[in-house]
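S.K.: File query-v8.txt follows (compact mmCIF, C-alpha atoms and all ligand atoms):
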```txt
# COMPACT_ATOMS: atom_id res chain seq x y z
CA MET Y 1 44.46 14.64 -4.82
CA SER Y 2 43.02 12.89 -1.83
CA SER Y 3 39.35 13.04 -0.95
CA LYS Y 4 36.93 11.38 1.45
CA ASP Y 5 36.22 8.55 -1.00
CA GLY Y 6 39.90 7.97 -1.88
CA GLY Y 7 42.31 9.51 -4.34
CA ILE Y 8 41.13 11.54 -7.32
CA CYS Y 9 43.13 11.28 -10.55
CA ARG Y 10 42.54 14.12 -12.99
CA ILE Y 11 43.32 13.34 -16.62
CA LYS Y 12 43.68 16.45 -18.73
CA MET Y 13 42.35 16.17 -22.25
CA PRO Y 14 43.67 18.99 -24.47
CA PHE Y 15 40.62 21.00 -25.60
CA GLY Y 16 38.44 18.16 -24.28
CA GLN Y 17 39.23 16.06 -27.35
CA VAL Y 18 39.17 12.30 -26.80
CA SER Y 19 39.70 9.24 -28.99
CA SER Y 20 37.76 6.03 -28.43
CA SER Y 21 40.91 4.20 -27.39
CA GLN Y 22 41.77 6.89 -24.84
CA ALA Y 23 38.23 6.76 -23.44
CA LYS Y 24 38.44 2.99 -23.10
CA ALA Y 25 41.77 3.31 -21.28
CA VAL Y 26 40.21 5.79 -18.81
CA ALA Y 27 37.23 3.46 -18.32
CA ASP Y 28 39.52 0.50 -17.78
CA GLY Y 29 41.65 2.47 -15.30
CA ALA Y 30 38.56 3.43 -13.32
CA ARG Y 31 37.37 -0.18 -13.31
CA ARG Y 32 40.67 -1.60 -12.13
CA TYR Y 33 41.90 1.06 -9.75
CA GLY Y 34 39.00 3.36 -8.85
CA ASN Y 35 35.57 3.09 -7.25
CA GLY Y 36 33.80 3.08 -10.63
CA GLN Y 37 33.02 6.80 -10.71
CA ILE Y 38 34.38 8.86 -13.59
CA GLU Y 39 33.76 12.59 -13.58
CA LEU Y 40 33.52 14.94 -16.55
CA THR Y 41 34.78 18.23 -15.14
CA ASN Y 42 33.90 21.82 -15.94
CA ARG Y 43 37.35 22.19 -17.50
CA ALA Y 44 36.54 19.37 -19.94
CA ASN Y 45 38.77 16.79 -18.28
CA PHE Y 46 38.22 13.32 -16.81
CA GLN Y 47 38.57 12.46 -13.14
CA ILE Y 48 38.77 8.94 -11.77
CA ARG Y 49 37.64 8.76 -8.13
CA GLY Y 50 38.18 6.38 -5.26
CA ILE Y 51 41.79 5.30 -5.82
CA THR Y 52 43.34 3.63 -2.80
CA PRO Y 53 46.99 2.90 -1.98
CA PRO Y 54 49.01 1.28 -3.41
CA ASP Y 55 47.19 1.60 -6.76
CA GLU Y 56 48.21 5.18 -7.59
CA ASP Y 57 51.40 4.35 -9.45
CA ALA Y 58 49.82 1.46 -11.35
CA LEU Y 59 46.97 3.72 -12.50
CA ILE Y 60 49.37 6.46 -13.57
CA GLN Y 61 51.44 3.97 -15.56
CA HIS Y 62 48.28 2.55 -17.14
CA LEU Y 63 47.25 6.05 -18.28
CA LEU Y 64 50.73 6.97 -19.52
CA ASP Y 65 50.87 3.72 -21.51
CA ALA Y 66 47.64 4.80 -23.20
CA GLY Y 67 49.22 8.11 -24.23
CA LEU Y 68 47.19 10.13 -21.77
CA GLY Y 69 50.03 11.97 -20.08
CA PRO Y 70 51.46 15.42 -20.75
CA LYS Y 71 54.44 16.02 -23.03
CA ASP Y 72 56.33 17.16 -19.94
CA ALA Y 73 55.30 15.90 -16.49
CA GLN Y 74 55.98 19.34 -14.99
CA ALA Y 75 53.46 20.85 -17.42
CA ASP Y 76 50.57 18.56 -16.53
CA ASP Y 77 48.72 20.82 -14.11
CA ILE Y 78 49.06 24.03 -16.07
CA ARG Y 79 47.46 22.80 -19.30
CA ASN Y 80 44.32 24.84 -18.74
CA VAL Y 81 43.53 26.45 -22.08
CA MET Y 82 39.75 26.65 -22.26
CA VAL Y 83 37.83 26.69 -25.54
CA SER Y 84 34.37 25.84 -26.79
CA ALA Y 85 33.81 22.11 -27.34
CA THR Y 86 32.80 23.05 -30.88
CA LEU Y 87 36.28 24.47 -31.58
CA GLY Y 88 36.87 24.64 -35.33
CA LEU Y 89 33.41 23.33 -36.23
CA ASP Y 90 31.12 26.08 -35.07
CA SER Y 91 28.94 28.11 -37.41
CA THR Y 92 28.23 30.58 -34.56
CA ALA Y 93 31.92 31.45 -34.11
CA ILE Y 94 33.10 34.93 -35.03
CA VAL Y 95 36.49 33.45 -35.77
CA ASP Y 96 38.00 29.96 -35.66
CA VAL Y 97 40.50 30.06 -32.78
CA SER Y 98 41.84 26.49 -33.25
CA ASP Y 99 45.33 27.57 -34.34
CA LEU Y 100 45.62 30.29 -31.72
CA ALA Y 101 44.51 27.95 -28.92
CA ALA Y 102 46.97 25.26 -30.09
CA GLN Y 103 49.80 27.80 -30.20
CA ILE Y 104 49.01 28.98 -26.65
CA LEU Y 105 48.77 25.42 -25.32
CA ALA Y 106 52.13 24.53 -26.90
CA PHE Y 107 53.71 27.60 -25.30
CA VAL Y 108 52.28 26.80 -21.87
CA GLU Y 109 53.42 23.18 -22.12
CA GLY Y 110 56.83 24.04 -23.49
CA ASP Y 111 58.02 26.91 -21.32
CA GLU Y 112 59.46 25.89 -17.95
CA ARG Y 113 58.83 29.31 -16.41
CA ILE Y 114 55.09 28.78 -16.81
CA HIS Y 115 55.15 25.34 -15.17
CA ALA Y 116 55.85 26.88 -11.77
CA LEU Y 117 52.63 28.94 -11.83
CA SER Y 118 49.48 27.93 -9.97
CA PRO Y 119 47.96 24.70 -11.32
CA LYS Y 120 44.60 26.47 -11.22
CA LEU Y 121 45.62 29.24 -13.62
CA SER Y 122 43.44 29.20 -16.72
CA ILE Y 123 43.37 30.91 -20.10
CA LEU Y 124 40.19 31.33 -22.13
CA VAL Y 125 40.39 31.51 -25.91
CA ASP Y 126 36.90 32.48 -27.00
CA GLY Y 127 36.01 32.56 -30.68
CA GLY Y 128 32.53 33.91 -29.86
CA GLU Y 129 30.87 30.48 -30.06
CA VAL Y 130 27.44 30.35 -28.44
CA GLY Y 131 28.54 27.41 -26.23
CA SER Y 132 31.95 28.80 -25.24
CA PRO Y 133 32.73 28.69 -21.50
CA ALA Y 134 33.11 32.49 -21.64
CA ASP Y 135 31.22 33.03 -18.39
CA HIS Y 136 33.75 30.98 -16.41
CA PRO Y 137 36.17 33.54 -14.92
CA SER Y 138 39.74 33.13 -16.19
CA ASP Y 139 43.16 34.43 -15.22
CA LEU Y 140 43.64 35.62 -18.78
CA TRP Y 141 41.01 35.77 -21.49
CA LEU Y 142 40.76 36.62 -25.16
CA SER Y 143 37.35 37.03 -26.76
CA ALA Y 144 36.70 37.59 -30.47
CA MET Y 145 35.16 40.89 -31.50
CA ALA Y 146 34.51 41.99 -35.09
CA ASP Y 147 37.17 43.09 -37.61
CA GLY Y 148 39.90 40.64 -36.62
CA LEU Y 149 40.20 41.97 -33.08
CA PHE Y 150 40.12 40.26 -29.71
CA ALA Y 151 39.17 41.93 -26.45
CA PHE Y 152 41.25 40.76 -23.50
CA GLY Y 153 41.27 40.92 -19.73
CA TYR Y 154 42.77 39.46 -16.57
CA ALA Y 155 41.11 37.79 -13.58
CA SER Y 156 37.65 38.29 -14.98
CA ARG Y 157 35.52 37.24 -17.95
CA PRO Y 158 34.41 38.97 -21.13
CA PRO Y 159 31.84 41.61 -20.10
CA MET Y 160 28.24 40.47 -20.52
CA SER Y 161 26.50 43.24 -18.62
CA ASP Y 162 27.13 46.84 -17.61
CA GLN Y 163 28.23 45.60 -14.20
CA ASP Y 164 31.12 43.51 -15.54
CA PRO Y 165 34.58 45.12 -15.72
CA ALA Y 166 35.44 46.48 -19.17
CA PRO Y 167 38.15 44.71 -21.20
CA LEU Y 168 41.68 45.94 -20.54
CA GLY Y 169 42.13 46.48 -24.25
CA ALA Y 170 41.90 45.06 -27.74
CA ILE Y 171 44.52 43.28 -29.81
CA HIS Y 172 44.59 42.33 -33.47
CA ALA Y 173 44.48 38.59 -34.16
CA ASP Y 174 47.99 38.81 -35.64
CA HIS Y 175 49.32 39.79 -32.20
CA ALA Y 176 46.99 37.78 -29.96
CA PHE Y 177 49.53 35.05 -29.27
CA ASP Y 178 52.23 37.65 -28.51
CA LEU Y 179 49.86 39.30 -26.05
CA VAL Y 180 49.37 36.01 -24.19
CA VAL Y 181 53.13 35.40 -24.06
CA ALA Y 182 53.81 38.97 -22.90
CA SER Y 183 51.08 38.71 -20.24
CA LEU Y 184 52.37 35.39 -18.89
CA GLU Y 185 55.97 36.57 -18.89
CA ALA Y 186 55.05 39.78 -17.06
CA PHE Y 187 53.03 37.74 -14.57
CA VAL Y 188 55.90 35.29 -14.00
CA ALA Y 189 58.21 38.25 -13.30
CA LEU Y 190 55.69 39.57 -10.76
CA THR Y 191 55.43 36.21 -8.97
CA LEU Y 192 59.23 36.01 -8.73
CA LYS Y 193 59.33 39.47 -7.13
CA ASN Y 194 56.38 38.75 -4.85
CA PRO Y 195 55.77 35.05 -4.13
CA SER Y 196 52.42 35.80 -2.46
CA ILE Y 197 51.04 36.49 -5.96
CA LYS Y 198 49.62 33.17 -7.20
CA ARG Y 199 46.81 34.06 -9.59
CA PHE Y 200 46.15 37.05 -11.84
CA ARG Y 201 43.52 38.22 -9.35
CA ASP Y 202 46.35 38.83 -6.83
CA ALA Y 203 48.04 41.26 -9.21
CA ASP Y 204 47.18 44.82 -10.24
CA ALA Y 205 45.51 44.15 -13.62
CA LEU Y 206 45.95 47.70 -14.93
CA ALA Y 207 49.64 47.80 -14.03
CA LEU Y 208 50.15 44.41 -15.68
CA ALA Y 209 48.31 45.56 -18.82
CA ALA Y 210 50.46 48.71 -18.93
CA LEU Y 211 53.61 46.55 -18.87
CA VAL Y 212 52.24 44.35 -21.64
CA SER Y 213 51.14 47.25 -23.83
CA GLY Y 214 54.79 48.30 -24.02
CA ARG Y 215 55.55 45.04 -25.85
CA VAL Y 216 52.52 44.46 -28.10
CA PRO Y 217 50.28 46.89 -30.00
CA VAL Y 218 47.27 47.08 -27.67
CA SER Y 219 44.43 49.46 -28.50
CA PRO Y 220 41.51 50.54 -26.31
CA ALA Y 221 38.50 48.21 -26.52
CA PRO Y 222 35.15 49.92 -27.20
CA LYS Y 223 33.66 50.77 -23.80
CA ASP Y 224 30.24 49.47 -24.77
CA TRP Y 225 31.43 46.12 -26.15
CA ARG Y 226 29.54 43.19 -24.60
CA ARG Y 227 29.85 39.52 -25.30
CA ALA Y 228 26.56 37.66 -25.62
CA ARG Y 229 25.97 35.42 -22.60
CA PRO Y 230 26.91 31.84 -23.55
CA ASP Y 231 24.24 29.17 -23.66
CA ARG Y 232 25.25 25.84 -22.15
CA LEU Y 233 22.21 24.22 -23.75
CA ALA Y 234 23.70 24.95 -27.17
CA GLN Y 235 25.79 21.79 -26.87
CA ILE Y 236 22.83 19.47 -26.32
CA GLY Y 237 20.98 17.67 -29.11
CA LEU Y 238 21.67 17.87 -32.86
CA ILE Y 239 23.98 20.78 -33.62
CA PRO Y 240 24.77 21.90 -37.17
CA GLN Y 241 28.51 22.12 -37.84
CA ASN Y 242 30.06 24.70 -40.11
CA GLN Y 243 30.34 22.04 -42.81
CA ALA Y 244 26.71 21.86 -43.87
CA CYS Y 245 26.68 18.08 -44.28
CA ASN Y 246 27.80 17.22 -40.74
CA LEU Y 247 26.30 17.39 -37.28
CA ALA Y 248 27.66 17.38 -33.76
CA VAL Y 249 25.52 15.36 -31.37
CA GLY Y 250 25.62 16.34 -27.71
CA GLY Y 251 24.35 15.21 -24.35
CA VAL Y 252 24.97 16.06 -20.70
CA SER Y 253 26.07 13.51 -18.13
CA VAL Y 254 23.96 13.12 -15.02
CA LEU Y 255 25.58 15.55 -12.57
CA GLY Y 256 28.99 15.21 -14.19
CA ARG Y 257 29.45 11.47 -13.65
CA VAL Y 258 29.57 8.37 -15.83
CA THR Y 259 30.40 4.74 -15.13
CA PRO Y 260 33.25 2.87 -16.82
CA ASP Y 261 30.71 0.81 -18.79
CA CYS Y 262 28.97 3.98 -19.99
CA LEU Y 263 32.28 5.48 -21.12
CA THR Y 264 33.23 2.28 -22.94
CA SER Y 265 29.87 2.25 -24.73
CA LEU Y 266 30.25 5.94 -25.59
CA ALA Y 267 33.63 5.14 -27.16
CA ASP Y 268 31.95 2.43 -29.25
CA LEU Y 269 29.17 4.82 -30.26
CA ALA Y 270 31.78 7.34 -31.43
CA LEU Y 271 33.48 4.57 -33.40
CA THR Y 272 30.28 3.89 -35.33
CA ALA Y 273 29.50 7.61 -35.70
CA ASN Y 274 32.77 9.01 -37.00
CA GLY Y 275 35.57 6.48 -36.61
CA GLY Y 276 36.11 7.14 -32.91
CA ALA Y 277 36.36 10.74 -31.71
CA PHE Y 278 34.34 12.81 -29.28
CA ARG Y 279 34.79 15.85 -27.12
CA LEU Y 280 34.16 16.65 -23.49
CA THR Y 281 32.34 19.94 -23.01
CA PRO Y 282 33.04 22.46 -20.22
CA TRP Y 283 29.44 21.79 -19.20
CA SER Y 284 30.11 18.17 -18.12
CA GLY Y 285 28.71 16.87 -21.37
CA VAL Y 286 29.96 15.07 -24.45
CA LEU Y 287 29.83 15.96 -28.10
CA ILE Y 288 30.22 13.42 -30.89
CA THR Y 289 31.36 15.47 -33.86
CA ASP Y 290 31.37 14.92 -37.64
CA VAL Y 291 28.24 12.81 -37.69
CA ALA Y 292 26.56 12.44 -41.08
CA ALA Y 293 23.23 14.28 -40.99
CA ALA Y 294 21.28 11.09 -41.72
CA ASP Y 295 22.85 9.36 -38.71
CA GLY Y 296 22.19 12.19 -36.24
CA PRO Y 297 18.92 10.88 -34.74
CA LYS Y 298 20.40 7.38 -34.31
CA ILE Y 299 23.48 8.71 -32.50
CA LEU Y 300 21.31 10.98 -30.35
CA ALA Y 301 19.19 7.97 -29.39
CA GLY Y 302 22.42 6.12 -28.59
CA LEU Y 303 23.53 8.90 -26.21
CA MET Y 304 20.12 8.88 -24.56
CA ALA Y 305 20.27 5.10 -24.09
CA LEU Y 306 23.60 5.58 -22.30
CA GLY Y 307 21.94 7.93 -19.80
CA PHE Y 308 23.00 11.29 -21.21
CA THR Y 309 20.41 14.06 -21.12
CA VAL Y 310 19.69 15.07 -24.70
CA ASP Y 311 16.55 17.12 -24.05
CA ARG Y 312 17.30 20.81 -23.49
CA ASP Y 313 14.11 21.16 -21.43
CA ALA Y 314 14.87 18.34 -19.01
CA PRO Y 315 15.52 19.39 -15.38
CA LEU Y 316 18.93 17.67 -15.40
CA ALA Y 317 20.06 19.51 -18.54
CA GLN Y 318 21.45 22.41 -16.53
CA MET Y 319 21.78 21.02 -13.01
CA VAL Y 320 25.20 20.70 -11.38
CA ALA Y 321 26.18 19.52 -7.92
CA CYS Y 322 29.47 19.01 -6.12
CA SER Y 323 30.42 15.63 -4.67
CA GLY Y 324 28.66 16.31 -1.39
CA THR Y 325 28.91 14.18 1.75
CA SER Y 326 29.70 10.96 -0.11
CA GLY Y 327 32.94 12.35 -1.54
CA CYS Y 328 34.04 15.38 0.44
CA ALA Y 329 34.87 15.85 4.12
CA SER Y 330 33.88 19.55 3.96
CA ALA Y 331 30.36 18.82 2.68
CA LEU Y 332 27.31 19.65 4.76
CA ALA Y 333 24.76 17.90 2.53
CA PRO Y 334 24.41 15.00 0.07
CA THR Y 335 24.25 17.35 -2.92
CA LYS Y 336 24.37 14.69 -5.65
CA GLU Y 337 21.45 12.79 -4.17
CA ASP Y 338 19.58 16.02 -3.41
CA ALA Y 339 20.03 17.21 -6.99
CA LEU Y 340 18.46 14.01 -8.31
CA ARG Y 341 15.55 14.40 -5.90
CA LEU Y 342 15.14 18.04 -6.87
CA ALA Y 343 15.19 17.16 -10.58
CA GLY Y 344 12.35 14.73 -9.86
CA LEU Y 345 10.30 17.59 -8.39
CA LEU Y 346 10.80 19.96 -11.34
CA THR Y 347 9.08 20.00 -14.70
CA GLY Y 348 11.54 22.07 -16.72
CA ALA Y 349 15.21 23.04 -17.00
CA VAL Y 350 16.61 25.51 -14.48
CA ASP Y 351 20.23 26.66 -14.40
CA VAL Y 352 20.80 25.51 -10.82
CA HIS Y 353 23.93 24.59 -8.88
CA LEU Y 354 23.87 22.73 -5.57
CA THR Y 355 26.98 23.19 -3.48
CA ALA Y 356 27.63 21.48 -0.17
CA CYS Y 357 29.81 24.36 1.07
CA PRO Y 358 30.52 27.83 -0.29
CA LYS Y 359 33.72 26.75 -2.07
CA SER Y 360 31.78 26.01 -5.26
CA CYS Y 361 33.98 23.23 -6.72
CA ALA Y 362 31.35 22.10 -9.23
CA SER Y 363 30.83 25.40 -11.00
CA ALA Y 364 33.38 27.98 -12.07
CA ARG Y 365 30.57 30.28 -13.19
CA VAL Y 366 27.65 31.69 -11.24
CA ALA Y 367 24.47 29.80 -12.07
CA ASP Y 368 21.08 31.51 -12.32
CA VAL Y 369 20.26 29.84 -9.00
CA THR Y 370 22.75 28.53 -6.44
CA LEU Y 371 21.68 26.38 -3.50
CA VAL Y 372 24.24 26.52 -0.71
CA ALA Y 373 23.86 23.83 1.96
CA VAL Y 374 23.57 25.11 5.51
CA ASP Y 375 23.09 21.65 7.05
CA ALA Y 376 22.23 18.14 5.89
CA ASP Y 377 18.64 19.06 4.92
CA HIS Y 378 18.53 22.79 4.22
CA TYR Y 379 19.81 25.18 1.59
CA ASP Y 380 20.04 28.94 1.20
CA LEU Y 381 18.90 29.98 -2.28
CA TYR Y 382 20.76 32.69 -4.19
CA ARG Y 383 19.83 34.28 -7.50
CA ARG Y 384 22.55 35.54 -9.77
CA GLN Y 385 22.66 39.29 -9.94
CA ASP Y 386 25.08 41.06 -12.24
CA GLY Y 387 27.39 43.30 -10.27
CA LEU Y 388 27.08 41.29 -7.06
CA ASP Y 389 30.01 39.13 -6.01
CA GLY Y 390 29.60 35.56 -4.87
CA PHE Y 391 26.46 33.66 -5.78
CA GLY Y 392 24.31 36.79 -6.11
CA GLN Y 393 21.36 37.90 -4.01
CA LYS Y 394 20.20 35.65 -1.17
CA HIS Y 395 16.56 35.01 -1.98
CA ASN Y 396 15.52 32.39 0.58
CA GLN Y 397 17.07 30.92 3.69
CA GLY Y 398 17.03 27.36 5.02
CA LEU Y 399 14.78 25.72 2.40
CA ILE Y 400 14.11 22.01 2.28
CA LEU Y 401 14.06 20.49 -1.22
CA ALA Y 402 10.28 20.56 -1.61
CA GLN Y 403 10.25 24.28 -0.80
CA THR Y 404 13.15 24.82 -3.22
CA ALA Y 405 11.18 23.16 -5.99
CA GLU Y 406 8.23 25.48 -5.28
CA VAL Y 407 10.45 28.56 -5.44
CA LEU Y 408 12.05 27.39 -8.69
CA ALA Y 409 8.65 26.63 -10.22
S1 LIG Y 501 32.09 22.67 -2.84
FE1 LIG Y 501 32.75 22.26 -0.73
S2 LIG Y 501 31.59 20.46 -0.13
FE2 LIG Y 501 31.49 20.57 -2.37
S3 LIG Y 501 33.17 19.29 -3.07
FE3 LIG Y 501 33.94 21.40 -2.94
S4 LIG Y 501 34.87 21.56 -0.90
FE4 LIG Y 501 33.55 19.74 -0.92
```
What's the structure tokens form of this structure?
M.R.:
Amino acid sequence: MSSKDGGICRIKMPFGQVSSSQAKAVADGARRYGNGQIELTNRANFQIRGITPPDEDALIQHLLDAGLGPKDAQADDIRNVMVSATLGLDSTAIVDVSDLAAQILAFVEGDERIHALSPKLSILVDGGEVGSPADHPSDLWLSAMADGLFAFGYASRPPMSDQDPAPLGAIHADHAFDLVVASLEAFVALTLKNPSIKRFRDADALALAALVSGRVPVSPAPKDWRRARPDRLAQIGLIPQNQACNLAVGGVSVLGRVTPDCLTSLADLALTANGGAFRLTPWSGVLITDVAAADGPKILAGLMALGFTVDRDAPLAQMVACSGTSGCASALAPTKEDALRLAGLLTGAVDVHLTACPKSCASARVADVTLVAVDADHYDLYRRQDGLDGFGQKHNQGLILAQTAEVLA
């Protein structure tokens, strides 16, 4: 994709899982062909920014040589199966969805009919983990309930309040994969009949669910079922894994960006921690898994030394900002720089999202507080309100940063 600061190369990491050698290849690619900025996206992928002609092909070849490409080039964009970064390791999970998520990803990658769908289409497989990206809206979602059942829905998210749409139904775990296949096949058929339908939100969800329920044994989901609201802070600090002897150690990047040197050092830290594996979180953070309990504090200190926020109470722990004027022609304000200034004015963590236009590239979910730029120096402040579309209720208009900090305090 092209942007104001050059080309952006997105590198999809299945379930956000990265080896040290892959991370070093991304860092090296950014050093040689980019402007030195690597982004950790809210879909747990890497992005290299600032690529200028004629370097595109050389960068792509460099990444393919490192084994970072898709199994099928046509399937690259559609590989959007979202899970918790703690997949398979999480003691807060209702059920381990590793196998189900892998089965769905293999289907999406392997079926040519799916490749033609919108590259933005996403599927959430939620095992009930406290840090799952369950509040990011998805085209198709499955969320674990009790008794081996999953609730499911289209173009929405698992309900977390009375204002959220109820699930379309429930499906037993034994049929969850079949439900995803039936839903995608029914959706593909719809798009072929009506090419203006691109995402599940363009379709009639109830009609689609009725088609699907003819193929798989769907039952009604309890009307009062609610998923607990996920906690993005749950993937910061020392996190017990489901094997009692191991820890995951997490930190958040500063506003979703790292340098090539930082990523190389992170790869080395993972090598010393567990032989060289870490995960990207859907919260623009990293998680080094399978760390021996005795090593946890040392690895946490290592993440902190690399610039990751490891304190859940720090202002930057929950702050996100889009690229702003330095990277985007549509931006009205320098959101990255403003976010750093705002963090300097705050004393605690606030779930706040700065966006330089209403498109909201940096956050798929609605933050507690959204600051929408209205010009280079002023923001409108919205507070999330369940049941209200968009960013929520407009609370203040045209604030400068100092006023914003006062309101947040
Ligand atoms: S939210 Fe708007 S200004 Fe920010 S990166 Fe996206 S398009 Fe650009």
S.K.: Identify which of the residues Y:Ile8, Y:Leu408, Y:Leu100, Y:Ile299 lies closest to ligand LIG 501 (chain Y), counting all atoms listed in the file when measuring atom-to-atom distances.
M.R.: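 Of Y:Ile8, Y:Leu408, Y:Leu100, Y:Ile299, the one nearest ligand LIG 501 (chain Y), counting all atoms listed in the file, is Y:Ile8.
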S.K.: For a quick check of understanding, using only C-alpha atoms, which of Y:His62, Y:Lys359, Y:Arg341, Y:Arg157 has the smallest distance to Ala228 of chain Y?
M.R.: Y:Arg157
S.K.: Let me see if you get this right: every residue at most 6 Å from ligand LIG 501 (chain Y), counting all atoms listed in the file, written as a PyMOL selection string.
M.R.: chain Y and resi 322-324+328+330-331+355-361
S.K.: Once 4 Å is added on each side, what are the centre and the three edge lengths, in Å to one decimal, of the axis-aligned box enclosing the listed atoms of segment 17-25 of chain Y? Present them as lines of an AutoDock Vina configuration file.
M.R.:
```
center_x = 39.8
center_y = 9.5
center_z = -25.1
size_x = 12.0
size_y = 21.1
size_z = 15.7
```
S.K.: Quick check, in Å to one decimal: how far apart do atom CA of Asp5 of chain Y and atom CA of Asp28 of chain Y lie?
M.R.: 18.9 Å
S.K.: Could you tell me how far atom CA of Tyr382 of chain Y sits from atom CA of Leu354 of chain Y, in Å to one decimal place?
M.R.: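 So the two atoms, atom CA of Leu354 of chain Y and atom CA of Tyr382 of chain Y, lie 10.5 Å apart.
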S.K.: What is the atom CA of Arg232 of chain Y-atom CA of Leu345 of chain Y distance in Å, reported with one decimal?
M.R.: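 Answer for the atom CA of Arg232 of chain Y to atom CA of Leu345 of chain Y separation: 21.9 Å.
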S.K.: My list of candidates is Y:Asp351, Y:Arg365, Y:Asp261, Y:Leu342. Which is closest to Arg31 of chain Y when distances are computed with all atoms listed in the file?
M.R.: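 Using all atoms listed in the file, Arg31 of chain Y sits closest to Y:Asp261.
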S.K.: Counting only C-alpha atoms, which residue out of Y:Asp338, Y:Asp268, Y:Asp377, Y:Asp313 sits closest to Gly237 of chain Y?
M.R.: Y:Asp313
S.K.: Which one is closest to Gly29 of chain Y: Y:Gln235, Y:Thr264, Y:Ser84, Y:Ser143? Count all atoms listed in the file.
M.R.: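 Using all atoms listed in the file, the shortest distance to Gly29 of chain Y belongs to Y:Thr264.
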S.K.: Restricting the calculation to all atoms listed in the file: of Y:Asp224, Y:Ser363, Y:Asp147, Y:His172, which residue gets closest to Trp283 of chain Y?
M.R.: Y:Ser363
S.K.: In file coordinates, which residues lie within 7 Å of (36.8, 10.6, 1.5) using all atoms listed in the file, given as a list in words?
M.R.: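 Here the neighbourhood of the point contains Ser3, Lys4, Asp5, Gly6, Gly327, Cys328 and Ala329 of chain Y.
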S.K.: Quick one: residues within 7 Å of Val95 of chain Y, only C-alpha atoms counted, chain neighbours fewer than 2 positions away excluded, as a ChimeraX atom specification?
M.R.: /Y:93,97,127,144
S.K.: Within 10 Å of Ala186 of chain Y, counting all atoms listed in the file, which residues qualify if same-chain residues fewer than 6 places away don't, as a list in words?
M.R.: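 These residues fall inside the cut-off: Val180, Leu208, Ala209, Leu211 and Val212 of chain Y.
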S.K.: Would you save the residues of that selection, restricted to C-alpha atoms, as a PDB file, keeping the file's coordinate frame?
M.R.:
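Written file, result_31.pdb:
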```
ATOM      1  CA  VAL Y 180      49.370  36.010 -24.190  1.00  0.00           C
ATOM      2  CA  LEU Y 208      50.150  44.410 -15.680  1.00  0.00           C
ATOM      3  CA  ALA Y 209      48.310  45.560 -18.820  1.00  0.00           C
ATOM      4  CA  LEU Y 211      53.610  46.550 -18.870  1.00  0.00           C
ATOM      5  CA  VAL Y 212      52.240  44.350 -21.640  1.00  0.00           C
TER       6      VAL Y 212
END
```
